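Reproduced below: coords_2.pdb, with PDB, C-alpha atoms.
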```pdb
ATOM      1  CA  MET S   1       0.000   0.000   0.000
ATOM      2  CA  MET S   2       1.468   3.386  -1.001
ATOM      3  CA  ASN S   3       2.060   6.096   1.604
ATOM      4  CA  ASP S   4       0.830   9.715   1.480
ATOM      5  CA  ASP S   5       3.966  11.072  -0.198
ATOM      6  CA  GLN S   6       3.869   8.415  -2.903
ATOM      7  CA  LEU S   7       0.204   9.101  -3.520
ATOM      8  CA  SER S   8       0.781  12.874  -3.785
ATOM      9  CA  GLN S   9       3.667  12.280  -6.169
ATOM     10  CA  LEU S  10       1.540  10.012  -8.327
ATOM     11  CA  LEU S  11      -1.271  12.574  -8.416
ATOM     12  CA  ARG S  12       1.042  15.438  -9.296
ATOM     13  CA  THR S  13       2.421  13.370 -12.171
ATOM     14  CA  ALA S  14      -1.046  12.744 -13.571
ATOM     15  CA  LEU S  15      -2.521  16.124 -12.675
ATOM     16  CA  PRO S  16       0.142  18.844 -12.975
ATOM     17  CA  ALA S  17      -0.404  21.962 -10.874
ATOM     18  CA  ALA S  18      -2.416  24.699 -12.582
ATOM     19  CA  ASP S  19      -0.579  27.508 -14.382
ATOM     20  CA  ALA S  20       0.139  30.136 -11.716
ATOM     21  CA  THR S  21       0.284  32.890 -14.345
ATOM     22  CA  ALA S  22      -2.974  32.012 -16.103
ATOM     23  CA  ALA S  23      -5.500  34.729 -16.871
ATOM     24  CA  PRO S  24      -9.021  34.687 -18.308
ATOM     25  CA  SER S  25      -9.089  34.050 -22.051
ATOM     26  CA  ARG S  26     -11.056  37.251 -22.728
ATOM     27  CA  ASP S  27     -12.677  40.184 -20.990
ATOM     28  CA  LEU S  28     -15.386  38.513 -18.918
ATOM     29  CA  TRP S  29     -16.937  41.700 -17.519
ATOM     30  CA  PRO S  30     -19.621  41.879 -20.264
ATOM     31  CA  ALA S  31     -20.589  38.274 -19.445
ATOM     32  CA  VAL S  32     -20.839  39.136 -15.746
ATOM     33  CA  VAL S  33     -23.086  42.105 -16.558
ATOM     34  CA  ARG S  34     -25.319  39.969 -18.798
ATOM     35  CA  ARG S  35     -25.525  37.324 -16.062
ATOM     36  CA  SER S  36     -26.341  39.935 -13.425
ATOM     37  CA  GLU S  37     -29.106  41.406 -15.541
ATOM     38  CA  ALA S  38     -30.663  38.074 -16.530
ATOM     39  CA  ARG S  39     -33.772  37.073 -14.648
ATOM     40  CA  ILE S  40     -33.704  33.852 -12.711
ATOM     41  CA  GLU S  41     -36.043  31.358 -14.301
ATOM     42  CA  VAL S  42     -37.046  28.221 -12.444
ATOM     43  CA  SER S  43     -38.551  25.563 -14.658
ATOM     44  CA  SER S  44     -41.620  23.565 -13.726
ATOM     45  CA  ALA S  45     -39.401  20.456 -13.612
ATOM     46  CA  ASP S  46     -37.265  22.123 -10.909
ATOM     47  CA  TRP S  47     -40.368  23.017  -8.887
ATOM     48  CA  SER S  48     -41.656  19.451  -9.270
ATOM     49  CA  MET S  49     -38.339  18.008  -8.116
ATOM     50  CA  ALA S  50     -38.252  20.344  -5.114
ATOM     51  CA  ALA S  51     -41.809  19.340  -4.206
ATOM     52  CA  ILE S  52     -40.986  15.629  -4.491
ATOM     53  CA  VAL S  53     -37.881  16.016  -2.314
ATOM     54  CA  ALA S  54     -39.869  17.989   0.288
ATOM     55  CA  ILE S  55     -42.636  15.370   0.399
ATOM     56  CA  VAL S  56     -40.126  12.515   0.679
ATOM     57  CA  LEU S  57     -38.314  14.281   3.512
ATOM     58  CA  VAL S  58     -41.575  14.862   5.379
ATOM     59  CA  MET S  59     -42.434  11.160   5.012
ATOM     60  CA  PHE S  60     -38.896   9.924   5.800
ATOM     61  CA  PRO S  61     -37.172  12.588   7.951
ATOM     62  CA  GLU S  62     -34.241  10.259   8.649
ATOM     63  CA  TRP S  63     -33.269  10.652   4.967
ATOM     64  CA  ILE S  64     -32.262  14.277   5.660
ATOM     65  CA  LEU S  65     -28.873  12.988   6.824
ATOM     66  CA  LEU S  66     -28.439  11.043   3.593
ATOM     67  CA  LEU S  67     -29.353  14.135   1.565
ATOM     68  CA  ALA S  68     -27.027  16.320   3.649
ATOM     69  CA  TYR S  69     -24.178  13.876   3.023
ATOM     70  CA  GLN S  70     -24.753  14.085  -0.742
ATOM     71  CA  LEU S  71     -24.735  17.894  -0.601
TER      72      LEU S  71
ATOM     73  CA  MET O   1      -9.952  47.761   5.204
ATOM     74  CA  PRO O   2      -8.577  44.184   5.369
ATOM     75  CA  ASP O   3      -7.840  44.117   1.587
ATOM     76  CA  GLY O   4      -6.539  47.664   1.470
ATOM     77  CA  LEU O   5      -9.722  48.523  -0.436
ATOM     78  CA  ASP O   6     -11.485  51.835  -0.228
ATOM     79  CA  GLY O   7     -14.335  51.548   2.305
ATOM     80  CA  GLU O   8     -16.465  53.873   0.228
ATOM     81  CA  LEU O   9     -15.995  51.594  -2.805
ATOM     82  CA  LEU O  10     -17.247  48.617  -0.807
ATOM     83  CA  GLU O  11     -20.203  50.599   0.533
ATOM     84  CA  ARG O  12     -21.149  51.626  -2.997
ATOM     85  CA  PHE O  13     -20.838  47.993  -4.121
ATOM     86  CA  VAL O  14     -23.150  46.858  -1.309
ATOM     87  CA  GLN O  15     -25.665  49.474  -2.427
ATOM     88  CA  GLY O  16     -25.607  48.030  -5.971
ATOM     89  CA  ASP O  17     -23.356  50.545  -7.735
ATOM     90  CA  GLN O  18     -22.312  48.880 -11.002
ATOM     91  CA  THR O  19     -19.166  51.014 -11.354
ATOM     92  CA  ALA O  20     -17.979  49.935  -7.902
ATOM     93  CA  PHE O  21     -18.727  46.325  -8.813
ATOM     94  CA  GLU O  22     -16.704  46.613 -12.033
ATOM     95  CA  SER O  23     -13.817  48.155 -10.108
ATOM     96  CA  LEU O  24     -13.821  45.190  -7.693
ATOM     97  CA  PHE O  25     -14.101  42.778 -10.637
ATOM     98  CA  ARG O  26     -11.053  44.319 -12.322
ATOM     99  CA  GLN O  27      -9.031  44.136  -9.112
ATOM    100  CA  PHE O  28      -9.886  40.551  -8.236
ATOM    101  CA  GLU O  29     -10.626  38.724 -11.492
ATOM    102  CA  THR O  30      -7.119  37.363 -12.097
ATOM    103  CA  ASP O  31      -6.579  36.072  -8.552
ATOM    104  CA  VAL O  32     -10.042  34.553  -8.460
ATOM    105  CA  TYR O  33      -9.568  33.023 -11.914
ATOM    106  CA  ARG O  34      -6.316  31.338 -10.856
ATOM    107  CA  TRP O  35      -7.948  29.983  -7.706
ATOM    108  CA  ILE O  36     -10.866  28.592  -9.702
ATOM    109  CA  LEU O  37      -8.499  27.108 -12.284
ATOM    110  CA  ARG O  38      -6.706  25.218  -9.513
ATOM    111  CA  ILE O  39      -9.988  23.546  -8.659
ATOM    112  CA  VAL O  40     -11.677  22.983 -12.016
ATOM    113  CA  ARG O  41      -8.423  22.509 -14.009
ATOM    114  CA  ASP O  42      -9.950  23.595 -17.305
ATOM    115  CA  ARG O  43      -9.567  27.119 -18.701
ATOM    116  CA  SER O  44     -12.902  27.250 -20.455
ATOM    117  CA  ALA O  45     -14.720  25.993 -17.358
ATOM    118  CA  ALA O  46     -12.751  28.472 -15.227
ATOM    119  CA  ASP O  47     -14.091  31.335 -17.398
ATOM    120  CA  ASP O  48     -17.662  30.168 -16.824
ATOM    121  CA  VAL O  49     -17.163  29.621 -13.092
ATOM    122  CA  LEU O  50     -15.582  33.079 -12.766
ATOM    123  CA  VAL O  51     -18.667  34.689 -14.307
ATOM    124  CA  GLU O  52     -20.922  32.609 -12.064
ATOM    125  CA  ALA O  53     -18.871  33.521  -8.963
ATOM    126  CA  PHE O  54     -19.000  37.263  -9.632
ATOM    127  CA  TRP O  55     -22.713  37.022 -10.366
ATOM    128  CA  ARG O  56     -23.234  35.298  -6.993
ATOM    129  CA  VAL O  57     -21.150  38.014  -5.337
ATOM    130  CA  TYR O  58     -23.326  40.710  -6.893
ATOM    131  CA  ARG O  59     -26.510  38.856  -5.990
ATOM    132  CA  GLY O  60     -25.337  38.410  -2.390
ATOM    133  CA  ARG O  61     -23.840  41.890  -1.972
ATOM    134  CA  ALA O  62     -26.401  42.837   0.693
ATOM    135  CA  CYS O  63     -24.968  40.095   2.947
ATOM    136  CA  PHE O  64     -21.428  41.431   2.673
ATOM    137  CA  ASP O  65     -20.022  43.156   5.737
ATOM    138  CA  ALA O  66     -17.963  46.021   4.301
ATOM    139  CA  SER O  67     -15.685  46.019   7.369
ATOM    140  CA  ARG O  68     -14.429  42.504   6.514
ATOM    141  CA  SER O  69     -12.182  41.149   3.758
ATOM    142  CA  PHE O  70     -13.801  41.274   0.337
ATOM    143  CA  GLY O  71     -11.091  38.985  -1.042
ATOM    144  CA  ALA O  72     -11.777  36.228   1.492
ATOM    145  CA  TRP O  73     -15.538  36.497   0.948
ATOM    146  CA  MET O  74     -15.064  36.448  -2.821
ATOM    147  CA  ARG O  75     -12.813  33.392  -2.601
ATOM    148  CA  ARG O  76     -15.386  31.491  -0.532
ATOM    149  CA  ILE O  77     -18.071  32.215  -3.089
ATOM    150  CA  ALA O  78     -15.742  31.282  -5.970
ATOM    151  CA  THR O  79     -14.843  28.028  -4.210
ATOM    152  CA  ASN O  80     -18.507  27.121  -3.826
ATOM    153  CA  ALA O  81     -19.172  27.960  -7.480
ATOM    154  CA  ALA O  82     -16.229  25.741  -8.488
ATOM    155  CA  LEU O  83     -17.520  22.958  -6.249
ATOM    156  CA  ASP O  84     -20.924  23.190  -7.934
ATOM    157  CA  HIS O  85     -19.139  22.942 -11.281
ATOM    158  CA  LEU O  86     -17.345  19.756 -10.139
ATOM    159  CA  ARG O  87     -20.685  18.259  -9.096
ATOM    160  CA  THR O  88     -22.234  19.038 -12.478
ATOM    161  CA  ALA O  89     -19.154  17.879 -14.395
ATOM    162  CA  GLN O  90     -19.080  14.594 -12.522
ATOM    163  CA  ARG O  91     -22.651  13.925 -13.570
ATOM    164  CA  HIS O  92     -22.164  14.837 -17.226
ATOM    165  CA  THR O  93     -18.594  14.348 -18.385
ATOM    166  CA  GLY O  94     -15.443  12.401 -17.833
ATOM    167  CA  TRP O  95     -12.151  13.854 -16.710
ATOM    168  CA  ARG O  96      -9.290  14.867 -18.976
ATOM    169  CA  VAL O  97      -5.695  15.141 -17.857
ATOM    170  CA  ALA O  98      -4.120  18.576 -17.794
ATOM    171  CA  ASP O  99      -1.887  18.224 -20.862
ATOM    172  CA  ASP O 100      -5.048  17.591 -22.880
ATOM    173  CA  THR O 101      -3.477  15.363 -25.550
ATOM    174  CA  MET O 102      -5.755  12.487 -26.322
ATOM    175  CA  PRO O 103      -3.907  10.091 -28.683
ATOM    176  CA  ALA O 104      -5.930   7.338 -30.309
ATOM    177  CA  ALA O 105      -3.683   4.658 -28.819
ATOM    178  CA  PRO O 106      -2.280   6.042 -25.555
ATOM    179  CA  ARG O 107       1.210   5.093 -24.431
ATOM    180  CA  PRO O 108       1.265   2.988 -21.273
ATOM    181  CA  ASP O 109       2.383   5.912 -19.053
ATOM    182  CA  GLN O 110      -0.321   8.100 -20.562
ATOM    183  CA  ALA O 111      -2.881   5.374 -19.946
ATOM    184  CA  ILE O 112      -1.783   5.217 -16.305
ATOM    185  CA  LYS O 113      -2.157   9.008 -16.001
ATOM    186  CA  GLU O 114      -5.630   8.732 -17.467
ATOM    187  CA  SER O 115      -6.519   6.022 -14.961
ATOM    188  CA  ILE O 116      -5.200   8.058 -12.035
ATOM    189  CA  ALA O 117      -7.078  11.125 -13.231
ATOM    190  CA  LEU O 118     -10.228   9.074 -13.666
ATOM    191  CA  ALA O 119      -9.892   7.624 -10.165
ATOM    192  CA  PHE O 120      -9.405  11.160  -8.862
ATOM    193  CA  ARG O 121     -12.499  12.438 -10.659
ATOM    194  CA  SER O 122     -14.558   9.581  -9.282
ATOM    195  CA  LEU O 123     -14.117  10.993  -5.764
ATOM    196  CA  PRO O 124     -17.156  12.764  -4.325
ATOM    197  CA  PRO O 125     -16.752  16.465  -5.277
ATOM    198  CA  LYS O 126     -16.408  17.637  -1.679
ATOM    199  CA  LEU O 127     -13.448  15.260  -1.226
ATOM    200  CA  GLN O 128     -12.108  15.978  -4.698
ATOM    201  CA  ILE O 129     -11.880  19.723  -4.046
ATOM    202  CA  VAL O 130      -9.845  19.331  -0.843
ATOM    203  CA  ALA O 131      -7.663  16.639  -2.424
ATOM    204  CA  THR O 132      -6.961  18.890  -5.431
ATOM    205  CA  LEU O 133      -6.031  21.854  -3.279
ATOM    206  CA  ALA O 134      -4.101  19.904  -0.631
ATOM    207  CA  LEU O 135      -2.395  17.122  -2.586
ATOM    208  CA  VAL O 136      -2.003  18.530  -6.096
ATOM    209  CA  GLU O 137      -1.808  22.289  -5.511
ATOM    210  CA  GLU O 138      -0.174  21.917  -2.070
ATOM    211  CA  GLN O 139      -2.209  24.713  -0.509
ATOM    212  CA  PRO O 140      -2.031  25.054   3.294
ATOM    213  CA  TYR O 141      -4.930  23.445   5.161
ATOM    214  CA  SER O 142      -5.736  26.792   6.792
ATOM    215  CA  GLU O 143      -6.196  28.424   3.387
ATOM    216  CA  ILE O 144      -8.412  25.581   2.143
ATOM    217  CA  ALA O 145     -10.437  25.756   5.346
ATOM    218  CA  ASP O 146     -10.927  29.486   4.905
ATOM    219  CA  ALA O 147     -11.952  29.108   1.254
ATOM    220  CA  LEU O 148     -14.498  26.415   2.100
ATOM    221  CA  ASP O 149     -15.562  28.096   5.342
ATOM    222  CA  LEU O 150     -14.919  24.875   7.262
ATOM    223  CA  PRO O 151     -12.763  24.024  10.293
ATOM    224  CA  VAL O 152      -9.212  22.833   9.574
ATOM    225  CA  GLY O 153     -10.081  19.531  11.276
ATOM    226  CA  THR O 154     -12.813  18.902   8.702
ATOM    227  CA  ILE O 155     -10.354  19.557   5.876
ATOM    228  CA  LYS O 156      -7.848  17.111   7.384
ATOM    229  CA  SER O 157     -10.582  14.530   7.758
ATOM    230  CA  ARG O 158     -11.674  14.991   4.128
ATOM    231  CA  VAL O 159      -8.098  14.718   2.849
ATOM    232  CA  PHE O 160      -7.741  11.516   4.870
ATOM    233  CA  ARG O 161     -10.958  10.093   3.404
ATOM    234  CA  ALA O 162      -9.950  11.139  -0.118
ATOM    235  CA  THR O 163      -6.515   9.498   0.148
ATOM    236  CA  ARG O 164      -8.048   6.321   1.580
ATOM    237  CA  LEU O 165     -10.526   6.108  -1.316
ATOM    238  CA  LEU O 166      -7.831   6.899  -3.878
ATOM    239  CA  ARG O 167      -5.440   4.282  -2.505
ATOM    240  CA  LYS O 168      -8.202   1.719  -2.651
ATOM    241  CA  GLU O 169      -9.170   2.629  -6.222
ATOM    242  CA  LEU O 170      -5.571   2.774  -7.462
ATOM    243  CA  ALA O 171      -4.827  -0.591  -5.848
ATOM    244  CA  ARG O 172      -7.898  -2.000  -7.599
ATOM    245  CA  LEU O 173      -6.552  -0.662 -10.905
ATOM    246  CA  GLY O 174      -3.168  -2.223 -10.152
ATOM    247  CA  ILE O 175      -1.402   1.178 -10.104
ATOM    248  CA  THR O 176       1.589   1.394  -7.773
ATOM    249  CA  PRO O 177       4.288   4.082  -7.440
TER     250      PRO O 177
END
```
Can you dump the structure from the file as structure tokens?
Amino acid sequence: MMNDDQLSQLLRTALPAADATAAPSRDLWPAVVRRSEARIEVSSADWSMAAIVAIVLVMFPEWILLLAYQL
Amino acid sequence: MPDGLDGELLERFVQGDQTAFESLFRQFETDVYRWILRIVRDRSAADDVLVEAFWRVYRGRACFDASRSFGAWMRRIATNAALDHLRTAQRHTGWRVADDTMPAAPRPDQAIKESIALAFRSLPPKLQIVATLALVEEQPYSEIADALDLPVGTIKSRVFRATRLLRKELARLGITP
């Protein structure tokens, strides 16, 4: 079984550290402004899912821990 | 001000002044981008997460205490946005290694890298984010804890769980140092 140092070394070989001098590929301010001005739309599917989760949690409150773990 | 920022600028930002927001964006975008890139490890995704993070900052500006560090608050929000990206990415896509060359018939060492990266990406996102920052990027636990707004003990525990899962998965794949 490999130790922590060996594991870190293996990971750094496969996943090199990110470029410390990287910068955004373009000016992202216009995208931020567009995002800030966009209205939040919640689809009916999202509302349905939220309702189902709420009902399930009311029926099985012990599942809250399972849900919390997933989050 | 903790960041050396003008208090009046932060007050104007909290009140919704777009010019103040742009000024903060210009001052912090590069640092935030690099932090996000460390987590998501993909430039295109880092662009998207940066936009999302600044949007969340603007949306949550009323909750910001102008006497505290804007940079630390911004980093926490960016970290959460990056974590949400990891969750979505894990559901929809596979993982690609950082050098991004995908030959049709990978060399054995490249295949091993792919397997390691795949094992890494199979970790639950909340373990993956601490493992990336602690083991790959070698960030101090205190900094990771601050970015995730969690106690240092929780970070240590998550790194421990991540390494245990990774060792198990790599052993299953027959990968040894």
Counting only C-alpha atoms, the residue of O:Ala117, O:Leu10, O:Leu165, O:Ala147 that sits nearest chain S: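 So, comparing all the options, the nearest one is O:Ala117.
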Selection result of the PyMOL selection byres ((chain O and resi 62) around 12) on this file, as JSON, numbers by chain: {"O": [10, 11, 12, 13, 14, 15, 16, 17, 56, 57, 58, 59, 60, 61, 63, 64, 65, 66]}
Picked residues, the PyMOL selection byres ((chain O) within 7 of (chain S)), as a list in words: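 Checked against the file, the PyMOL selection byres ((chain O) within 7 of (chain S)) matches Thr30, Tyr33, Arg34, Leu37, Arg38, Arg41, Asp47, Val51, Phe54, Trp55, Val97, Ala98, Lys113, Ile116, Ala117, Leu135, Val136, Glu137 and Pro177 of chain O.
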Output C-alpha atoms of each residue in that selection to a file, as an mmCIF file, in the frame of the given file.
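As written to disk, out16.cif reads:
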```cif
data_model
loop_
_atom_site.group_PDB
_atom_site.id
_atom_site.type_symbol
_atom_site.label_atom_id
_atom_site.label_comp_id
_atom_site.auth_asym_id
_atom_site.auth_seq_id
_atom_site.Cartn_x
_atom_site.Cartn_y
_atom_site.Cartn_z
ATOM 1 C CA THR O 30 -7.119 37.363 -12.097
ATOM 2 C CA TYR O 33 -9.568 33.023 -11.914
ATOM 3 C CA ARG O 34 -6.316 31.338 -10.856
ATOM 4 C CA LEU O 37 -8.499 27.108 -12.284
ATOM 5 C CA ARG O 38 -6.706 25.218 -9.513
ATOM 6 C CA ARG O 41 -8.423 22.509 -14.009
ATOM 7 C CA ASP O 47 -14.091 31.335 -17.398
ATOM 8 C CA VAL O 51 -18.667 34.689 -14.307
ATOM 9 C CA PHE O 54 -19.000 37.263 -9.632
ATOM 10 C CA TRP O 55 -22.713 37.022 -10.366
ATOM 11 C CA VAL O 97 -5.695 15.141 -17.857
ATOM 12 C CA ALA O 98 -4.120 18.576 -17.794
ATOM 13 C CA LYS O 113 -2.157 9.008 -16.001
ATOM 14 C CA ILE O 116 -5.200 8.058 -12.035
ATOM 15 C CA ALA O 117 -7.078 11.125 -13.231
ATOM 16 C CA LEU O 135 -2.395 17.122 -2.586
ATOM 17 C CA VAL O 136 -2.003 18.530 -6.096
ATOM 18 C CA GLU O 137 -1.808 22.289 -5.511
ATOM 19 C CA PRO O 177 4.288 4.082 -7.440
#
```
Polymer residues at most 12 Å from range 151-157 of chain O, only C-alpha atoms, same-chain spacing of 2 or more positions, as a list in words: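 Selected residues are Lys126, Leu127, Gln128, Ile129, Val130, Ala131, Thr132, Leu133, Ala134, Leu135, Gln139, Pro140, Tyr141, Ser142, Glu143, Ile144, Ala145, Asp146, Ala147, Leu148, Asp149, Val159, Phe160, Arg161, Ala162, Thr163 and Arg164 of chain O.
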Just to be explicit: take each residue in the selection above, keep C-alpha atoms, and write the result as a PDB file, in the coordinates of the input.
```pdb
ATOM      1  CA  LYS O 126     -16.408  17.637  -1.679  1.00  0.00           C
ATOM      2  CA  LEU O 127     -13.448  15.260  -1.226  1.00  0.00           C
ATOM      3  CA  GLN O 128     -12.108  15.978  -4.698  1.00  0.00           C
ATOM      4  CA  ILE O 129     -11.880  19.723  -4.046  1.00  0.00           C
ATOM      5  CA  VAL O 130      -9.845  19.331  -0.843  1.00  0.00           C
ATOM      6  CA  ALA O 131      -7.663  16.639  -2.424  1.00  0.00           C
ATOM      7  CA  THR O 132      -6.961  18.890  -5.431  1.00  0.00           C
ATOM      8  CA  LEU O 133      -6.031  21.854  -3.279  1.00  0.00           C
ATOM      9  CA  ALA O 134      -4.101  19.904  -0.631  1.00  0.00           C
ATOM     10  CA  LEU O 135      -2.395  17.122  -2.586  1.00  0.00           C
ATOM     11  CA  GLN O 139      -2.209  24.713  -0.509  1.00  0.00           C
ATOM     12  CA  PRO O 140      -2.031  25.054   3.294  1.00  0.00           C
ATOM     13  CA  TYR O 141      -4.930  23.445   5.161  1.00  0.00           C
ATOM     14  CA  SER O 142      -5.736  26.792   6.792  1.00  0.00           C
ATOM     15  CA  GLU O 143      -6.196  28.424   3.387  1.00  0.00           C
ATOM     16  CA  ILE O 144      -8.412  25.581   2.143  1.00  0.00           C
ATOM     17  CA  ALA O 145     -10.437  25.756   5.346  1.00  0.00           C
ATOM     18  CA  ASP O 146     -10.927  29.486   4.905  1.00  0.00           C
ATOM     19  CA  ALA O 147     -11.952  29.108   1.254  1.00  0.00           C
ATOM     20  CA  LEU O 148     -14.498  26.415   2.100  1.00  0.00           C
ATOM     21  CA  ASP O 149     -15.562  28.096   5.342  1.00  0.00           C
ATOM     22  CA  VAL O 159      -8.098  14.718   2.849  1.00  0.00           C
ATOM     23  CA  PHE O 160      -7.741  11.516   4.870  1.00  0.00           C
ATOM     24  CA  ARG O 161     -10.958  10.093   3.404  1.00  0.00           C
ATOM     25  CA  ALA O 162      -9.950  11.139  -0.118  1.00  0.00           C
ATOM     26  CA  THR O 163      -6.515   9.498   0.148  1.00  0.00           C
ATOM     27  CA  ARG O 164      -8.048   6.321   1.580  1.00  0.00           C
TER      28      ARG O 164
END
```
Point-to-point distance in Å for CA of Phe21 in chain O and CA of Ala38 in chain S: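 Separation of CA of Ala38 in chain S and CA of Phe21 in chain O: 16.4 Å.
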Point-to-point distance from CA of Ala45 in chain S to CA of Asp84 in chain O, Å rounded to tenths: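 So the answer is 19.5 Å.
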Computed interatomic separation between CA of Arg87 in chain O and CA of Pro125 in chain O (Å): 5.8 Å
Residues in the PyMOL selection byres ((chain O and resi 81) around 9), expressed as a ChimeraX atom specification: /O:36,49-50,52-53,56,76-80,82-86
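Nearest residue to Arg75 in chain O among O:Thr19, O:Arg167, O:Trp35, O:Asp48 is O:Trp35, counting all atoms listed in the file.
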What are the centre and edge lengths in Å, to one decimal, of the axis-aligned box around all listed atoms of range 43-50 of chain O with 8 Å added on each side, as AutoDock Vina command-line options?
```
--center_x -13.6 --center_y 29.5 --center_z -16.6 --size_x 24.1 --size_y 23.1 --size_z 23.7
```
Residue neighbourhood Leu166 in chain O, 8 Å, all atoms listed in the file, exclusion window fewer than 6 positions, as a ChimeraX atom specification: /O:119-120,123
